[in-house]
Structure formats: C-alpha cells, structure tokens
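Heads up: the structure comes next, in structure tokens.
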Amino acid sequence: MAIHRLHFEEFDEVDYELIAIHTSLEDYRLAYFINQKLPVLLSKNKNEIQINIKEGTTFFSRFFFENIEKDSCWNLIQNKNEVVLNNQEIKQNLFENTMMNVATKVFLLPEMKKVDFFLKIENSEMASTEIIKKINSIRSLSAAYSVETSTIKSKNNLIF
C-alpha cells in the first residue's frame, strides 16, 4: 500500500482575492451597485457571520454570489458592527439608578478598522485590477483597493 504524505506548505496558498471598500452606502445599496457594474448577482445570505467577544455576540451582514459553471464565489462582507449591552446601571449623583444602553464597536478584521466592507472573491475569471476599476466607478464610493492577505492577522474571520 502506498503512503501519501501531506505537507503544510500545500495548505498555505491563498485561494481568494480581498478588496477593501470605503463607503457610506448601506450594504444592500452597495450590493446593488456592484451587481450593476460587475457580472454578478449578489444577494443577501441568511447565514450572517457571527463574531463572539466578551461584551456579547454580533452578526456581520453577508451578500453572496456563486457561479457553479465557473467555480467562482463572491462575498460582500460588512466590516463594522456594534454590540449593544442593555440595562447598564449607572449611578451618578444627579441621575440615580439610570438604565443606559452601551454600544461597543466590533470589526470583522480589527487591523483594518477604517474599511467599511470587504469583497472576497474566490476563483474569479476577471483580473483584480479590472474589478477594482469597475468598483471605483461607483459614485458613492470613497475608495476600493486590493488587500494583501499575508498582512492580515485575523484571517480566520474570513473562513465561512
């Protein structure tokens, strides 16, 4: 019987492109504009990305498109969200026993806090420069650029 050995180097390859998007648009409007500019049909995915932190749990919205014929997969992912803690009792002299909601910002990729959305593309037939050029042509976008995945420390948050 033959022995087949696997090396860890075989699994280190990055098989996706990551594009950072800066915009004030809502997630559904951004997905709509990307659908107009690129040959994709991003739609809201019921399976949002869940992140647990000590303050609580938050869900990041996700828009998804899969082309089975070309074996490509596109994900538009929200990077910023909030965890709201209810019923925080704050005691002060003026407002005794005041109940307040406290919000904590949570990021999908904490090392890139200024990015609003990420477009994760697996096996695209288009060049990333062409994709970025078309995304940057959307009026309400501030910037879109490619992210070097080797610089990301929290890569595990992009596994879904």
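Please note that chains go A, B, ... in the order of the structure tokens, that every chain numbers its residues from 1, and that ligands are numbered from 1 in the order shown.
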Can you pull out every residue within 8 Å of segment 17-29 of chain A, counting only C-alpha atoms, but drop anything in the same chain fewer than 6 positions away, and send it as a compact mmCIF listing (two decimals) with N, CA and C atoms, in the first residue's frame?
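Wrote it out as part-v3.txt, contents follow:
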# COMPACT_ATOMS: atom_id res chain seq x y z
N LYS A 44 -28.61 38.77 -0.55
CA LYS A 44 -28.45 38.66 0.91
C LYS A 44 -28.42 37.20 1.32
N SER A 61 -23.36 41.39 8.18
CA SER A 61 -24.16 41.05 7.00
C SER A 61 -23.26 40.52 5.89
N GLN A 78 -19.69 42.92 5.54
CA GLN A 78 -19.63 44.11 6.37
C GLN A 78 -18.43 43.99 7.31
N LYS A 114 -10.75 51.11 9.41
CA LYS A 114 -11.32 52.17 8.57
C LYS A 114 -12.08 51.62 7.37
N VAL A 115 -11.95 50.34 7.08
CA VAL A 115 -12.62 49.72 5.94
C VAL A 115 -14.07 49.41 6.32
N ASP A 116 -15.00 49.76 5.42
CA ASP A 116 -16.42 49.53 5.68
C ASP A 116 -16.88 48.14 5.23
N PHE A 117 -16.41 47.69 4.07
CA PHE A 117 -16.81 46.39 3.52
C PHE A 117 -15.60 45.71 2.88
N PHE A 118 -15.70 44.38 2.78
CA PHE A 118 -14.72 43.59 2.05
C PHE A 118 -15.45 42.79 0.98
N LEU A 119 -14.81 42.69 -0.17
CA LEU A 119 -15.30 41.83 -1.24
C LEU A 119 -14.30 40.69 -1.36
N LYS A 120 -14.73 39.51 -0.97
CA LYS A 120 -13.88 38.32 -1.02
C LYS A 120 -14.26 37.53 -2.27
N ILE A 121 -13.29 37.33 -3.18
CA ILE A 121 -13.56 36.69 -4.45
C ILE A 121 -12.69 35.44 -4.56
N GLU A 122 -13.35 34.32 -4.80
CA GLU A 122 -12.64 33.06 -4.99
C GLU A 122 -12.77 32.62 -6.44
N SER A 128 -8.11 41.28 -10.92
CA SER A 128 -8.49 42.10 -9.76
C SER A 128 -8.40 43.59 -10.09
N ILE A 132 -11.46 46.20 -9.47
CA ILE A 132 -11.28 47.40 -8.66
C ILE A 132 -11.63 48.65 -9.48
N SER A 140 -20.83 56.77 -5.12
CA SER A 140 -20.84 56.98 -3.66
C SER A 140 -19.72 56.26 -2.94
N LEU A 141 -18.74 55.78 -3.66
CA LEU A 141 -17.62 55.08 -3.06
C LEU A 141 -16.45 56.03 -2.85
N SER A 142 -15.81 55.94 -1.71
CA SER A 142 -14.62 56.75 -1.46
C SER A 142 -13.39 56.09 -2.08
N ALA A 143 -13.24 54.78 -1.84
CA ALA A 143 -12.08 54.07 -2.38
C ALA A 143 -12.32 52.56 -2.35
N ALA A 144 -11.65 51.88 -3.27
CA ALA A 144 -11.62 50.42 -3.30
C ALA A 144 -10.23 50.01 -3.75
N TYR A 145 -9.65 49.07 -3.04
CA TYR A 145 -8.29 48.64 -3.35
C TYR A 145 -8.08 47.21 -2.89
N SER A 146 -7.06 46.59 -3.45
CA SER A 146 -6.73 45.21 -3.11
C SER A 146 -5.98 45.17 -1.78
N VAL A 147 -6.26 44.12 -1.01
CA VAL A 147 -5.62 43.94 0.28
C VAL A 147 -4.68 42.74 0.18
N GLU A 148 -3.47 42.91 0.63
CA GLU A 148 -2.51 41.81 0.66
C GLU A 148 -2.89 40.89 1.81
N THR A 149 -3.33 39.69 1.49
CA THR A 149 -3.85 38.79 2.52
C THR A 149 -2.77 38.30 3.49
Practice problem: Considering only C-alpha atoms, return as a VMD selection string whatever protein or nucleic-acid residues lie within 8 Å of Leu109 of chain A, sequence-local ones (same chain, fewer than 5 positions apart) excluded. | Solution: chain A and resid 79 152 154 to 155 157
Can I get the selected residues back with N, CA, C and O atoms, as a CSV table (one decimal), in the first residue's frame?
chain,number,residue,atom,x,y,z
A,79,ASN,N,-17.7,45.1,7.5
A,79,ASN,CA,-16.6,45.0,8.5
A,79,ASN,C,-16.8,45.6,9.8
A,79,ASN,O,-16.2,45.3,10.8
A,152,ILE,N,-2.8,40.2,6.9
A,152,ILE,CA,-3.9,40.1,7.8
A,152,ILE,C,-3.7,39.2,8.9
A,152,ILE,O,-3.3,38.0,8.7
A,154,SER,N,-6.0,38.4,11.4
A,154,SER,CA,-7.2,37.7,11.8
A,154,SER,C,-7.9,37.0,10.5
A,154,SER,O,-9.0,37.2,10.3
A,155,LYS,N,-7.1,36.2,9.8
A,155,LYS,CA,-7.6,35.6,8.6
A,155,LYS,C,-8.7,34.6,8.9
A,155,LYS,O,-9.5,34.3,8.1
A,157,ASN,N,-11.3,34.9,10.6
A,157,ASN,CA,-12.6,35.5,10.5
A,157,ASN,C,-13.1,35.5,9.1
A,157,ASN,O,-14.3,35.7,8.8
Which residues in segment 1-143 of chain A does DSSP call alpha helix (DSSP H)? List them as an mmCIF file with C-alpha atoms, in the first residue's frame.
data_model
loop_
_atom_site.group_PDB
_atom_site.id
_atom_site.type_symbol
_atom_site.label_atom_id
_atom_site.label_comp_id
_atom_site.auth_asym_id
_atom_site.auth_seq_id
_atom_site.Cartn_x
_atom_site.Cartn_y
_atom_site.Cartn_z
ATOM 1 C CA ASP A 27 -24.900 47.129 2.479
ATOM 2 C CA TYR A 28 -27.897 46.426 0.212
ATOM 3 C CA ARG A 29 -27.256 49.561 -1.894
ATOM 4 C CA LEU A 30 -23.586 48.693 -2.309
ATOM 5 C CA ALA A 31 -24.532 45.162 -3.414
ATOM 6 C CA TYR A 32 -26.998 46.652 -5.919
ATOM 7 C CA PHE A 33 -24.353 48.935 -7.443
ATOM 8 C CA ILE A 34 -21.780 46.127 -7.620
ATOM 9 C CA ASN A 35 -24.377 43.961 -9.396
ATOM 10 C CA GLN A 36 -24.781 46.736 -11.973
ATOM 11 C CA LYS A 37 -21.048 47.178 -12.586
ATOM 12 C CA SER A 128 -8.494 42.097 -9.764
ATOM 13 C CA THR A 129 -7.357 45.388 -11.322
ATOM 14 C CA GLU A 130 -10.392 45.330 -13.646
ATOM 15 C CA ILE A 131 -12.725 44.548 -10.744
ATOM 16 C CA ILE A 132 -11.283 47.403 -8.662
ATOM 17 C CA LYS A 133 -11.561 49.800 -11.603
ATOM 18 C CA LYS A 134 -15.268 48.983 -12.049
ATOM 19 C CA ILE A 135 -15.991 49.214 -8.313
ATOM 20 C CA ASN A 136 -14.242 52.593 -8.100
#
